[in-house]
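Undergrad: The structure's right below; bear with me while I get my questions together.
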Amino acid sequence: MIIGIDDTDSREGMCTTYLCTTLADELIEFGEVSKDLLLIRLNPTIPYKTRGNAAVALQINTEVPQDVIKHVSKRVFQLSRLSDENTNPGIVFVPDNISKNAQSQLVAFFREATRSVIEINSAISMINRMSLEYKGFKNGRGLIGALAACGAVFDDKMDYTYEYIAYRKREAWGNLRYVDEKTIFMAHKKTYPKTWDNVDTTAKKAVCIPKSGDPVLYGIRGSCIESIFQFISMLKSESVENSALFRTNQGTDMHILAVDTIKKIVNMKSYKVRCIVDSIPKTLHGGHIILRVCDDYGYKLDCAAYEPTKQFRHIIKKLLPGDIVVLFGSVMGSTLNIEKIHIKTLTKYYEIINPICPSCKKRMESAGKNKGYRCKKCKKNSSLKQAIELKRDISPGFYEVPPGARRHLAKPLIRIMQQGRHSNIFPST
């Protein structure tokens, strides 16, 4: 059977992947547990998510399914942060004899959960139609992610990456973590670009170490399992209690919907849309940059590069009216939070200045109001000004927010380059 689990953590502690890893070890008593553990990220705009809006799935071949259901339900109850009002765990159990049609429905539900807002009743309705075993705690909101994680198991077209997660000893939870950052940067240098988003080279800091009180010591991301294990072998850190490798939809842009007009954009979804810069970007208090764009039909949209995106804001600030761009990002309220930008074309801007004397090669001076221009040396006159194209301090190409500000689902440019879908990718800025 497949077991999907979601919403067991809180902003203060616990981690659903830790619970999944623990269960994978414990369920060996009941059968053969697959090593293919799944970590999926759902719609990043959901307001009631904990941290990364993640759900997990594991698979077991067992002859005692009811014993498995009983054990998993008991352990989720024991390990979840049920005291937190926002923690509402859900578990879904999918048998291996489920029909092809049901599998397709689960895949569709999974993909919808990465891109849209799904209500609990919709998840429970599907669970009941399929006669699946399930367990919801409190309001049961975690059933949405748990059911979606089960669908990911059947999605053979899913683009995926990996994350290796190491967990701290229980007595260390809540205390300062120790991972030697020098070894993290050494490992990054050796394994990049097959591993990525583990360090921010511009800010010179590791971004693979969480700051909350959960059990995670570090999480190493990449596209190649061998390179991930090479990375880990170079690390110096405190003792590790347990660890697991997860297959995941992180870094895939699975949440992005392509639209041809701003009119189709709605709140709490993520988009790719071609736009024209409508006005000069504005800098707000706190360092946030607001960019107003429009489409070919005249519809307008405010976009934001918030302060945590650091140097990425400088790219957005250099855009000018008329520039054509493709934006990638999530919509909250009426504003698109920019994750990536493809600058397609830059508008030419000109400065009108006094002409140069054809004889003396010196710039002429004004001869008076409405009297044109006169060379101070040879006294030649001209009525024409000179237009000089201004050099834009920016180039067409792709730009992205730094790793420390990147959403889990957002595809890094290095992955786009590796997949060979664009030939004019600019490096991260």
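Each chain in the structure tokens gets a letter, A, B, ..., in the order shown, and its residues are numbered from 1; ligands are numbered from 1 in order too.
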Excluding same-chain residues fewer than 4 positions from segment 196-208 of chain A, what lies within 10 Å of it counting only C-alpha atoms, as a ChimeraX atom specification?

TA: /A:165,179-182,184-185,187-189,191-192,216-223,228,251,310-311,402-406,408,412,414-415,428-429

Undergrad: Go ahead and write the selection's residues with N, CA, C and O atoms as a tab-separated table (two decimals), in the first residue's frame.

TA:
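That gives us part28.tsv:
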chain	number	residue	atom	x	y	z
A	165	ILE	N	18.12	14.36	3.57
A	165	ILE	CA	17.87	15.08	4.82
A	165	ILE	C	18.48	14.31	5.98
A	165	ILE	O	18.21	13.11	6.15
A	179	VAL	N	27.15	22.65	11.90
A	179	VAL	CA	27.62	22.13	10.62
A	179	VAL	C	28.71	23.08	10.16
A	179	VAL	O	28.48	24.29	10.06
A	180	ASP	N	29.89	22.57	9.89
A	180	ASP	CA	31.02	23.40	9.49
A	180	ASP	C	30.74	23.98	8.09
A	180	ASP	O	30.73	23.25	7.10
A	181	GLU	N	30.49	25.30	8.03
A	181	GLU	CA	30.13	25.92	6.76
A	181	GLU	C	31.26	25.85	5.73
A	181	GLU	O	31.01	25.83	4.53
A	182	LYS	N	32.51	25.81	6.18
A	182	LYS	CA	33.63	25.69	5.23
A	182	LYS	C	33.49	24.40	4.43
A	182	LYS	O	33.74	24.37	3.22
A	184	ILE	N	30.72	22.85	3.80
A	184	ILE	CA	29.57	22.99	2.91
A	184	ILE	C	29.99	23.66	1.60
A	184	ILE	O	29.64	23.20	0.51
A	185	PHE	N	30.78	24.73	1.71
A	185	PHE	CA	31.23	25.43	0.51
A	185	PHE	C	32.22	24.59	-0.30
A	185	PHE	O	32.22	24.64	-1.54
A	187	ALA	N	32.15	21.31	-0.45
A	187	ALA	CA	31.32	20.30	-1.10
A	187	ALA	C	30.55	20.89	-2.28
A	187	ALA	O	30.41	20.25	-3.33
A	188	HIS	N	30.05	22.11	-2.10
A	188	HIS	CA	29.35	22.79	-3.20
A	188	HIS	C	30.27	22.97	-4.40
A	188	HIS	O	29.87	22.70	-5.55
A	189	LYS	N	31.49	23.40	-4.15
A	189	LYS	CA	32.45	23.64	-5.23
A	189	LYS	C	32.74	22.36	-6.00
A	189	LYS	O	32.92	22.37	-7.22
A	191	THR	N	30.70	19.64	-6.28
A	191	THR	CA	29.55	18.93	-6.85
A	191	THR	C	28.60	19.79	-7.68
A	191	THR	O	27.74	19.25	-8.37
A	192	TYR	N	28.71	21.10	-7.60
A	192	TYR	CA	27.86	21.98	-8.41
A	192	TYR	C	28.25	21.82	-9.88
A	192	TYR	O	29.44	21.70	-10.19
A	216	VAL	N	15.56	18.57	11.73
A	216	VAL	CA	16.46	18.55	10.56
A	216	VAL	C	17.79	19.24	10.89
A	216	VAL	O	17.81	20.36	11.41
A	217	LEU	N	18.88	18.56	10.54
A	217	LEU	CA	20.22	19.17	10.68
A	217	LEU	C	20.58	19.90	9.39
A	217	LEU	O	21.01	21.04	9.42
A	218	TYR	N	20.39	19.23	8.27
A	218	TYR	CA	20.61	19.87	6.97
A	218	TYR	C	19.86	19.09	5.91
A	218	TYR	O	19.49	17.92	6.10
A	219	GLY	N	19.63	19.75	4.77
A	219	GLY	CA	19.00	19.11	3.61
A	219	GLY	C	19.79	19.47	2.37
A	219	GLY	O	19.95	20.65	2.06
A	220	ILE	N	20.31	18.48	1.66
A	220	ILE	CA	21.16	18.71	0.49
A	220	ILE	C	20.37	18.37	-0.77
A	220	ILE	O	19.88	17.26	-0.94
A	221	ARG	N	20.26	19.34	-1.67
A	221	ARG	CA	19.46	19.19	-2.88
A	221	ARG	C	20.32	19.00	-4.11
A	221	ARG	O	21.42	19.53	-4.19
A	222	GLY	N	19.78	18.27	-5.06
A	222	GLY	CA	20.50	18.08	-6.30
A	222	GLY	C	19.73	17.24	-7.28
A	222	GLY	O	18.64	16.74	-6.99
A	223	SER	N	20.31	17.08	-8.47
A	223	SER	CA	19.68	16.29	-9.52
A	223	SER	C	20.33	14.92	-9.67
A	223	SER	O	19.83	14.08	-10.42
A	228	ILE	N	25.11	14.05	-4.66
A	228	ILE	CA	24.58	14.39	-3.34
A	228	ILE	C	25.35	13.64	-2.25
A	228	ILE	O	25.75	14.22	-1.23
A	251	GLY	N	12.23	22.34	-7.17
A	251	GLY	CA	13.06	22.83	-8.28
A	251	GLY	C	12.54	22.45	-9.65
A	251	GLY	O	13.33	22.28	-10.58
A	310	LYS	N	17.26	40.49	-2.31
A	310	LYS	CA	18.59	41.13	-2.33
A	310	LYS	C	18.95	41.67	-3.71
A	310	LYS	O	18.27	42.50	-4.27
A	311	GLN	N	20.07	41.16	-4.31
A	311	GLN	CA	20.61	41.76	-5.53
A	311	GLN	C	19.67	41.60	-6.73
A	311	GLN	O	19.77	42.35	-7.71
A	402	PRO	N	18.02	34.88	-5.43
A	402	PRO	CA	19.09	34.05	-4.85
A	402	PRO	C	18.50	32.84	-4.13
A	402	PRO	O	17.31	32.83	-3.76
A	403	PRO	N	19.32	31.79	-3.93
A	403	PRO	CA	18.83	30.55	-3.30
A	403	PRO	C	18.12	30.77	-1.97
A	403	PRO	O	17.14	30.08	-1.67
A	404	GLY	N	18.60	31.71	-1.17
A	404	GLY	CA	18.01	31.94	0.14
A	404	GLY	C	16.60	32.49	0.08
A	404	GLY	O	15.86	32.41	1.07
A	405	ALA	N	16.19	33.02	-1.08
A	405	ALA	CA	14.85	33.60	-1.22
A	405	ALA	C	13.98	32.78	-2.17
A	405	ALA	O	12.86	33.18	-2.47
A	406	ARG	N	14.50	31.65	-2.62
A	406	ARG	CA	13.79	30.88	-3.64
A	406	ARG	C	12.74	29.96	-3.02
A	406	ARG	O	12.98	29.31	-2.01
A	408	HIS	N	10.56	26.55	-2.77
A	408	HIS	CA	10.99	25.17	-2.96
A	408	HIS	C	10.69	24.65	-4.37
A	408	HIS	O	11.48	23.92	-4.97
A	412	PRO	N	15.55	26.38	-10.49
A	412	PRO	CA	16.75	27.22	-10.63
A	412	PRO	C	17.19	27.27	-12.09
A	412	PRO	O	17.00	26.31	-12.84
A	414	ILE	N	20.05	26.97	-13.26
A	414	ILE	CA	21.04	25.94	-13.57
A	414	ILE	C	20.36	24.67	-14.07
A	414	ILE	O	20.87	23.96	-14.94
A	415	ARG	N	19.16	24.37	-13.55
A	415	ARG	CA	18.42	23.20	-14.02
A	415	ARG	C	17.89	23.44	-15.43
A	415	ARG	O	17.87	22.52	-16.26
A	428	SER	N	23.01	33.39	-12.76
A	428	SER	CA	22.31	34.00	-11.63
A	428	SER	C	22.95	35.31	-11.30
A	428	SER	O	24.17	35.45	-11.34
A	429	THR	N	22.12	36.29	-10.94
A	429	THR	CA	22.66	37.62	-10.65
A	429	THR	C	22.38	37.98	-9.21
A	429	THR	O	21.36	37.64	-8.68

Undergrad: For the strand (DSSP E) assignment from backbone DSSP, which residues of segment 97-165 of chain A qualify? Please present them as a count of residues only.

TA: 9

Undergrad: When distances are computed from only C-alpha atoms, which of A:Leu143, A:Glu29, A:Ala367, A:Ala108 shows the smallest separation from Ser125 of chain A?

TA: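 Looking at the shortest contact to Ser125 of chain A, the residue is A:Leu143.
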
Undergrad: Which residues of segment 205-241 of chain A sit at most 12 Å from segment 41-54 of chain A, using only C-alpha atoms? Give each one's shortest atom pair and distance in Å (one decimal place), in chain and ascending residue order, as a Markdown table.

TA:
| residue | atom | partner | partner_atom | distance |
| --- | --- | --- | --- | --- |
| A:Pro210 | CA | A:Arg51 | CA | 10.7 |
| A:Lys211 | CA | A:Arg51 | CA | 11.4 |
| A:Ser212 | CA | A:Arg51 | CA | 9.8 |
| A:Asp214 | CA | A:Arg51 | CA | 11.0 |

Undergrad: Write the residues of the selection above to a file with all heavy atoms, as a PDB file, in the first residue's frame.

TA:
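New file result_20.pdb:
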ATOM      1  N   PRO A 210      18.358  24.576   8.333  1.00  0.00           N
ATOM      2  CA  PRO A 210      17.180  25.305   8.821  1.00  0.00           C
ATOM      3  C   PRO A 210      17.490  26.076  10.093  1.00  0.00           C
ATOM      4  O   PRO A 210      18.480  25.821  10.775  1.00  0.00           O
ATOM      5  CB  PRO A 210      16.156  24.192   9.071  1.00  0.00           C
ATOM      6  CG  PRO A 210      16.978  22.984   9.326  1.00  0.00           C
ATOM      7  CD  PRO A 210      18.203  23.118   8.472  1.00  0.00           C
ATOM      8  N   LYS A 211      16.596  27.012  10.407  1.00  0.00           N
ATOM      9  CA  LYS A 211      16.789  27.844  11.600  1.00  0.00           C
ATOM     10  C   LYS A 211      15.766  27.542  12.696  1.00  0.00           C
ATOM     11  O   LYS A 211      15.897  28.027  13.807  1.00  0.00           O
ATOM     12  CB  LYS A 211      16.706  29.320  11.213  1.00  0.00           C
ATOM     13  CG  LYS A 211      17.821  29.756  10.265  1.00  0.00           C
ATOM     14  CD  LYS A 211      17.663  31.210   9.857  1.00  0.00           C
ATOM     15  CE  LYS A 211      18.756  31.638   8.893  1.00  0.00           C
ATOM     16  NZ  LYS A 211      18.590  33.041   8.441  1.00  0.00           N
ATOM     17  N   SER A 212      14.738  26.763  12.366  1.00  0.00           N
ATOM     18  CA  SER A 212      13.697  26.471  13.351  1.00  0.00           C
ATOM     19  C   SER A 212      14.123  25.339  14.282  1.00  0.00           C
ATOM     20  O   SER A 212      15.200  24.763  14.123  1.00  0.00           O
ATOM     21  CB  SER A 212      12.400  26.105  12.627  1.00  0.00           C
ATOM     22  OG  SER A 212      12.602  24.957  11.822  1.00  0.00           O
ATOM     23  N   ASP A 214      13.106  22.333  14.499  1.00  0.00           N
ATOM     24  CA  ASP A 214      12.727  20.991  14.054  1.00  0.00           C
ATOM     25  C   ASP A 214      13.922  20.031  14.078  1.00  0.00           C
ATOM     26  O   ASP A 214      15.056  20.434  14.319  1.00  0.00           O
ATOM     27  CB  ASP A 214      12.094  21.058  12.654  1.00  0.00           C
ATOM     28  CG  ASP A 214      13.052  21.582  11.602  1.00  0.00           C
ATOM     29  OD1 ASP A 214      14.177  21.079  11.514  1.00  0.00           O
ATOM     30  OD2 ASP A 214      12.661  22.495  10.848  1.00  0.00           O
TER      31      ASP A 214
END

Undergrad: Could you go through segment 52-296 of chain A and tell me which residues DSSP, when run on the backbone, assigns to alpha helix (DSSP H), listing them as a ChimeraX atom specification?

TA: /A:65-79,100-115,120-129,142-154,181-191,225-233

Undergrad: Would you save the residues of that selection, restricted to C-alpha atoms, as a tab-separated table (two decimals), in the first residue's frame?

TA:
chain	number	residue	atom	x	y	z
A	65	PRO	CA	-2.45	-3.85	6.17
A	66	GLN	CA	-4.67	-3.23	9.18
A	67	ASP	CA	-1.68	-3.55	11.51
A	68	VAL	CA	0.17	-1.01	9.36
A	69	ILE	CA	-2.79	1.38	9.46
A	70	LYS	CA	-3.04	1.06	13.23
A	71	HIS	CA	0.70	1.63	13.77
A	72	VAL	CA	0.94	4.62	11.42
A	73	SER	CA	-2.12	6.29	12.94
A	74	LYS	CA	-0.72	5.80	16.45
A	75	ARG	CA	2.71	7.22	15.55
A	76	VAL	CA	1.32	10.23	13.70
A	77	PHE	CA	-0.79	11.01	16.76
A	78	GLN	CA	2.27	10.66	19.05
A	79	LEU	CA	4.75	12.65	16.95
A	100	LYS	CA	-5.98	2.70	-13.52
A	101	ASN	CA	-8.82	5.21	-13.60
A	102	ALA	CA	-8.43	5.87	-9.86
A	103	GLN	CA	-4.67	6.26	-10.35
A	104	SER	CA	-5.28	8.89	-13.03
A	105	GLN	CA	-7.65	10.75	-10.73
A	106	LEU	CA	-5.04	10.75	-7.97
A	107	VAL	CA	-2.40	12.12	-10.34
A	108	ALA	CA	-4.78	14.89	-11.42
A	109	PHE	CA	-5.49	15.70	-7.76
A	110	PHE	CA	-1.75	15.85	-7.02
A	111	ARG	CA	-1.08	18.26	-9.87
A	112	GLU	CA	-4.07	20.40	-8.91
A	113	ALA	CA	-2.79	20.59	-5.32
A	114	THR	CA	0.50	22.08	-6.53
A	115	ARG	CA	-1.28	24.84	-8.49
A	120	ILE	CA	-10.88	19.59	2.67
A	121	ASN	CA	-14.33	18.45	1.53
A	122	SER	CA	-13.00	17.82	-1.99
A	123	ALA	CA	-10.26	15.57	-0.64
A	124	ILE	CA	-12.63	13.66	1.64
A	125	SER	CA	-15.14	13.27	-1.22
A	126	MET	CA	-12.47	11.67	-3.43
A	127	ILE	CA	-11.27	9.45	-0.58
A	128	ASN	CA	-14.82	8.19	0.00
A	129	ARG	CA	-15.50	7.63	-3.71
A	142	GLY	CA	-3.65	17.43	6.14
A	143	LEU	CA	-5.79	14.98	4.16
A	144	ILE	CA	-5.39	17.27	1.14
A	145	GLY	CA	-1.62	16.94	1.06
A	146	ALA	CA	-1.71	13.28	2.10
A	147	LEU	CA	-3.98	12.39	-0.84
A	148	ALA	CA	-1.87	14.51	-3.20
A	149	ALA	CA	1.30	12.71	-2.08
A	150	CYS	CA	-0.33	9.37	-2.93
A	151	GLY	CA	-1.10	10.71	-6.41
A	152	ALA	CA	2.54	11.68	-6.92
A	153	VAL	CA	3.52	8.00	-6.64
A	154	PHE	CA	1.54	7.25	-9.83
A	181	GLU	CA	30.13	25.92	6.76
A	182	LYS	CA	33.63	25.69	5.23
A	183	THR	CA	32.95	22.05	4.40
A	184	ILE	CA	29.57	22.99	2.91
A	185	PHE	CA	31.23	25.43	0.51
A	186	MET	CA	33.97	22.90	-0.32
A	187	ALA	CA	31.32	20.30	-1.10
A	188	HIS	CA	29.35	22.79	-3.20
A	189	LYS	CA	32.45	23.64	-5.23
A	190	LYS	CA	33.10	19.95	-5.92
A	191	THR	CA	29.55	18.93	-6.85
A	225	ILE	CA	22.22	10.98	-6.28
A	226	GLU	CA	25.94	10.22	-6.57
A	227	SER	CA	26.84	13.91	-6.36
A	228	ILE	CA	24.58	14.39	-3.34
A	229	PHE	CA	26.33	11.58	-1.47
A	230	GLN	CA	29.72	13.01	-2.50
A	231	PHE	CA	28.58	16.33	-1.00
A	232	ILE	CA	27.54	14.66	2.25
A	233	SER	CA	30.81	12.73	2.54

Undergrad: Residues within 7 Å of Ile353 of chain A, please, as a PyMOL selection string. Count only C-alpha atoms; anything in the same chain fewer than 2 positions from it doesn't count.

TA: chain A and resi 351+355+385-387

Undergrad: Considering only C-alpha atoms, can you say which of A:Tyr178, A:Tyr297, A:Tyr350, A:Tyr271 comes closest to Ile209 of chain A?

TA: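 Once distances to Ile209 of chain A are computed over only C-alpha atoms, the minimum belongs to A:Tyr178.
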
Undergrad: Measuring atom to atom with only C-alpha atoms, identify which of A:Met14, A:Ile338, A:Leu384, A:Cys378 is nearest to Ile352 of chain A.

TA: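 Ranked by minimum distance to Ile352 of chain A, first place goes to A:Leu384.
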
Undergrad: Hey, can you check how far atom CA of Leu132 of chain A sits from atom CA of Asp6 of chain A?

TA: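 Atom CA of Asp6 of chain A lies 16.1 Å from atom CA of Leu132 of chain A.
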
Undergrad: At a cut-off of 10 Å, can you tabulate as JSON lines every residue of segment 174-287 of chain A near segment 302-305 of chain A together with its closest atom pair and the distance in Å to one decimal, using only C-alpha atoms and ordering rows by chain then number?

TA:
{"residue": "A:Asp278", "atom": "CA", "partner": "A:Asp302", "partner_atom": "CA", "distance": 9.7}
{"residue": "A:Pro281", "atom": "CA", "partner": "A:Ala304", "partner_atom": "CA", "distance": 9.5}
{"residue": "A:Lys282", "atom": "CA", "partner": "A:Ala304", "partner_atom": "CA", "distance": 9.7}
{"residue": "A:Thr283", "atom": "CA", "partner": "A:Ala305", "partner_atom": "CA", "distance": 9.7}
{"residue": "A:Gly287", "atom": "CA", "partner": "A:Ala305", "partner_atom": "CA", "distance": 9.0}

Undergrad: Write out, as an mmCIF file, in the first residue's frame, the residues just selected, with C-alpha atoms.

TA:
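See out19.cif below for the written result:
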data_model
loop_
_atom_site.group_PDB
_atom_site.id
_atom_site.type_symbol
_atom_site.label_atom_id
_atom_site.label_comp_id
_atom_site.auth_asym_id
_atom_site.auth_seq_id
_atom_site.Cartn_x
_atom_site.Cartn_y
_atom_site.Cartn_z
ATOM 1 C CA ASP A 278 4.384 49.983 -17.963
ATOM 2 C CA PRO A 281 9.864 50.724 -10.939
ATOM 3 C CA LYS A 282 9.172 52.208 -7.498
ATOM 4 C CA THR A 283 11.195 51.607 -4.341
ATOM 5 C CA GLY A 287 13.694 48.201 0.097
#

Undergrad: Atom CA of Glu163 of chain A and atom CA of Val240 of chain A, how far apart in Å?

TA: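 Here the two named atoms are 16.1 Å from each other.
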
Undergrad: Skipping near chain neighbours, those fewer than 5 positions away, what residues fall within 12 Å of Asp260 of chain A using only C-alpha atoms, listed as a ChimeraX atom specification?

TA: /A:265,271-275,294-297,299,326-327

Undergrad: Find, counting only C-alpha atoms, the residue in A:Ile118, A:Pro215, A:Asp156, A:Asp323 that gets nearest to Asn175 of chain A.

TA: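 The shortest atom-to-atom distance to Asn175 of chain A comes from A:Pro215.
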
Undergrad: Atom CA of Leu336 of chain A to atom CA of Arg247 of chain A: how many Å, to one decimal?

TA: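 Atom CA of Arg247 of chain A lies 28.9 Å from atom CA of Leu336 of chain A.
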